[in-house]
Amino acid sequence: MLAIFLKEFNSFFSSAIGFVVAGLFLLATGVLVWVLPGYFNIFDQGYANLTPFFEVLPWIFCVLIPAICMRSFSEEKKQGTLELLLTKPISVNQLIAGKFLGSFSLSVIALLPTAFYIISISALTAEGVQVDYGVIFSSYVGVLLLMCCFTSIGIFASCLTDNPLIAFVIGTFLSVLLYFGLEGVSSIPLWGSKLYTLEYFSLSHHFQSISRGILDSRDLIYFLSISLFFLVLTHLQLKSNLK
């Protein structure tokens, strides 16, 4: 598994992909949160906190993480090396774990510089006003869990096709559906009493819960279950390729 992880991780930085991804992420968050006037701009909120930043992250990750993951298995299929990997003395689970951790680690590296936003917020806060670091901490935990889900979705999408672009489209569609789609559909009056049940299965419902500073075990279990679900689907798909 370690060899697969290192191969995946190094592939991002042996080319310009890793630097481009991290750069685009920081540029997008920086412009939306600090420069561009609008809902996500911290200065337009009238008070110093990182809520706009955490609200814009899902929009960016719905596109960014599928882009990171799109080549994980599709490129192996395209080059005909997937069958070779599956015949090596490593299990399918180890292969998936290595690919998953390689893609996830790049997302984490892109996120790390945003820790400077905490320093910026502290500097902007009026004297005598305390920054709620507990909410910030729990929000970052929520972001990491959300990244796990989007990465597992992206990995699954990548194993469905040998075309990275199609894998990107599938991964983005599933990510948007699970985060924004279910919540949007649940707001339609036709659903009546089923509204909360449908909303409960949306990623946004649980991410917003954690972002309020509440680390509820139900939210943690939900995120881990979604991640595991798509990794299991990936396992089943790869197993079918061996037949």
# chains A, B, ... in the order shown; residues from 1 in each chain; ligands from 1

call {"tool": "residues_around", "arguments": {"residues": "Ser103 of chain A", "least_positions_apart": "4", "cutoff": "8 Å", "atoms": "only C-alpha atoms", "output": "list in words"}}
result
Glu8, Phe9, Ile68, Cys69, Lys99, Ser107 and Thr151 of chain A

call {"tool": "write_last_selection", "arguments": {"atoms": "C-alpha atoms", "output": "JSON list (two decimals), in the first residue's frame"}}
result
[["chain", "number", "residue", "atom", "x", "y", "z"],
["A", 8, "GLU", "CA", 0.32, 8.32, -6.51],
["A", 9, "PHE", "CA", 1.60, 11.18, -4.36],
["A", 68, "ILE", "CA", -7.51, 15.35, -8.42],
["A", 69, "CYS", "CA", -8.95, 11.82, -8.45],
["A", 99, "LYS", "CA", -4.84, 5.59, -4.38],
["A", 107, "SER", "CA", -6.14, 17.95, -0.86],
["A", 151, "THR", "CA", -12.15, 11.65, -2.50]]

call {"tool": "residues_around", "arguments": {"residues": "segment 167-175 of chain A", "least_positions_apart": "5", "cutoff": "8 Å", "atoms": "only C-alpha atoms", "output": "PyMOL selection string"}}
result
chain A and resi 62-63+66-67+69-71+74+150+153-154+156-162

call {"tool": "residues_around", "arguments": {"residues": "Glu75 of chain A", "least_positions_apart": "3", "cutoff": "8 Å", "atoms": "only C-alpha atoms", "output": "list in words"}}
result
Arg71, Ser72, Lys78, Gln79, Asp162, Asn163 and Pro164 of chain A

call {"tool": "closest_residue", "arguments": {"among": "A:Ile118, A:Val141, A:Val176, A:Ile96", "to": "Ser209 of chain A", "atoms": "only C-alpha atoms"}}
result
A:Val141

call {"tool": "residues_around", "arguments": {"residues": "Ala3 of chain A", "least_positions_apart": "2", "cutoff": "10 Å", "atoms": "only C-alpha atoms", "output": "JSON, numbers by chain"}}
result
{"A": [1, 5, 6, 7, 8, 9, 94, 95, 98]}

call {"tool": "closest_residue", "arguments": {"among": "A:Arg212, A:Gln130, A:Cys149, A:Pro113", "to": "Ser225 of chain A", "atoms": "only C-alpha atoms"}}
result
A:Cys149

call {"tool": "closest_residue", "arguments": {"among": "A:Thr114, A:Gln237, A:Gln208, A:Thr87", "to": "Gly23 of chain A", "atoms": "only C-alpha atoms"}}
result
A:Thr114

call {"tool": "closest_residue", "arguments": {"among": "A:Leu27, A:Cys148, A:Ile226, A:Ile4", "to": "Leu86 of chain A", "atoms": "only C-alpha atoms"}}
result
A:Ile4

call {"tool": "atom_distance", "arguments": {"atom1": "atom CA of Phe25 of chain A", "atom2": "atom CA of Leu64 of chain A"}}
result
7.6 Å

call {"tool": "atom_distance", "arguments": {"atom1": "atom CA of Val232 of chain A", "atom2": "atom CA of Phe12 of chain A"}}
result
24.8 Å

call {"tool": "atom_distance", "arguments": {"atom1": "atom CA of Ile121 of chain A", "atom2": "atom CA of Leu145 of chain A"}}
result
23.4 Å

call {"tool": "residues_around", "arguments": {"residues": "Ser211 of chain A", "least_positions_apart": "3", "cutoff": "8 Å", "atoms": "only C-alpha atoms", "output": "NGL selection string"}}
result
:A and (54 or 135-136 or 138-139 or 142 or 207-208 or 214)

call {"tool": "write_last_selection", "arguments": {"atoms": "C-alpha atoms", "output": "tab-separated table (two decimals), in the first residue's frame"}}
result
chain	number	residue	atom	x	y	z
A	54	PHE	CA	-16.12	27.22	5.33
A	135	VAL	CA	-15.90	26.39	16.10
A	136	ILE	CA	-12.94	26.85	13.76
A	138	SER	CA	-14.68	21.61	14.47
A	139	SER	CA	-15.20	23.24	11.06
A	142	GLY	CA	-15.84	18.76	9.09
A	207	PHE	CA	-21.26	19.41	7.45
A	208	GLN	CA	-23.32	22.38	8.64
A	214	ILE	CA	-20.84	20.38	17.54

call {"tool": "closest_residue", "arguments": {"among": "A:Tyr179, A:Thr51, A:Ser122, A:Asn241", "to": "Gly213 of chain A", "atoms": "only C-alpha atoms"}}
result
A:Thr51

call {"tool": "select_by_dssp", "arguments": {"residues": "segment 145-176 of chain A", "states": "helix (DSSP H, G or I)", "output": "list of chain:residue names"}}
result
A:Leu145, A:Leu146, A:Met147, A:Cys148, A:Cys149, A:Phe150, A:Thr151, A:Ser152, A:Ile153, A:Gly154, A:Ile155, A:Phe156, A:Ala157, A:Ser158, A:Pro164, A:Leu165, A:Ile166, A:Ala167, A:Phe168, A:Val169, A:Ile170, A:Gly171, A:Thr172, A:Phe173, A:Leu174, A:Ser175, A:Val176
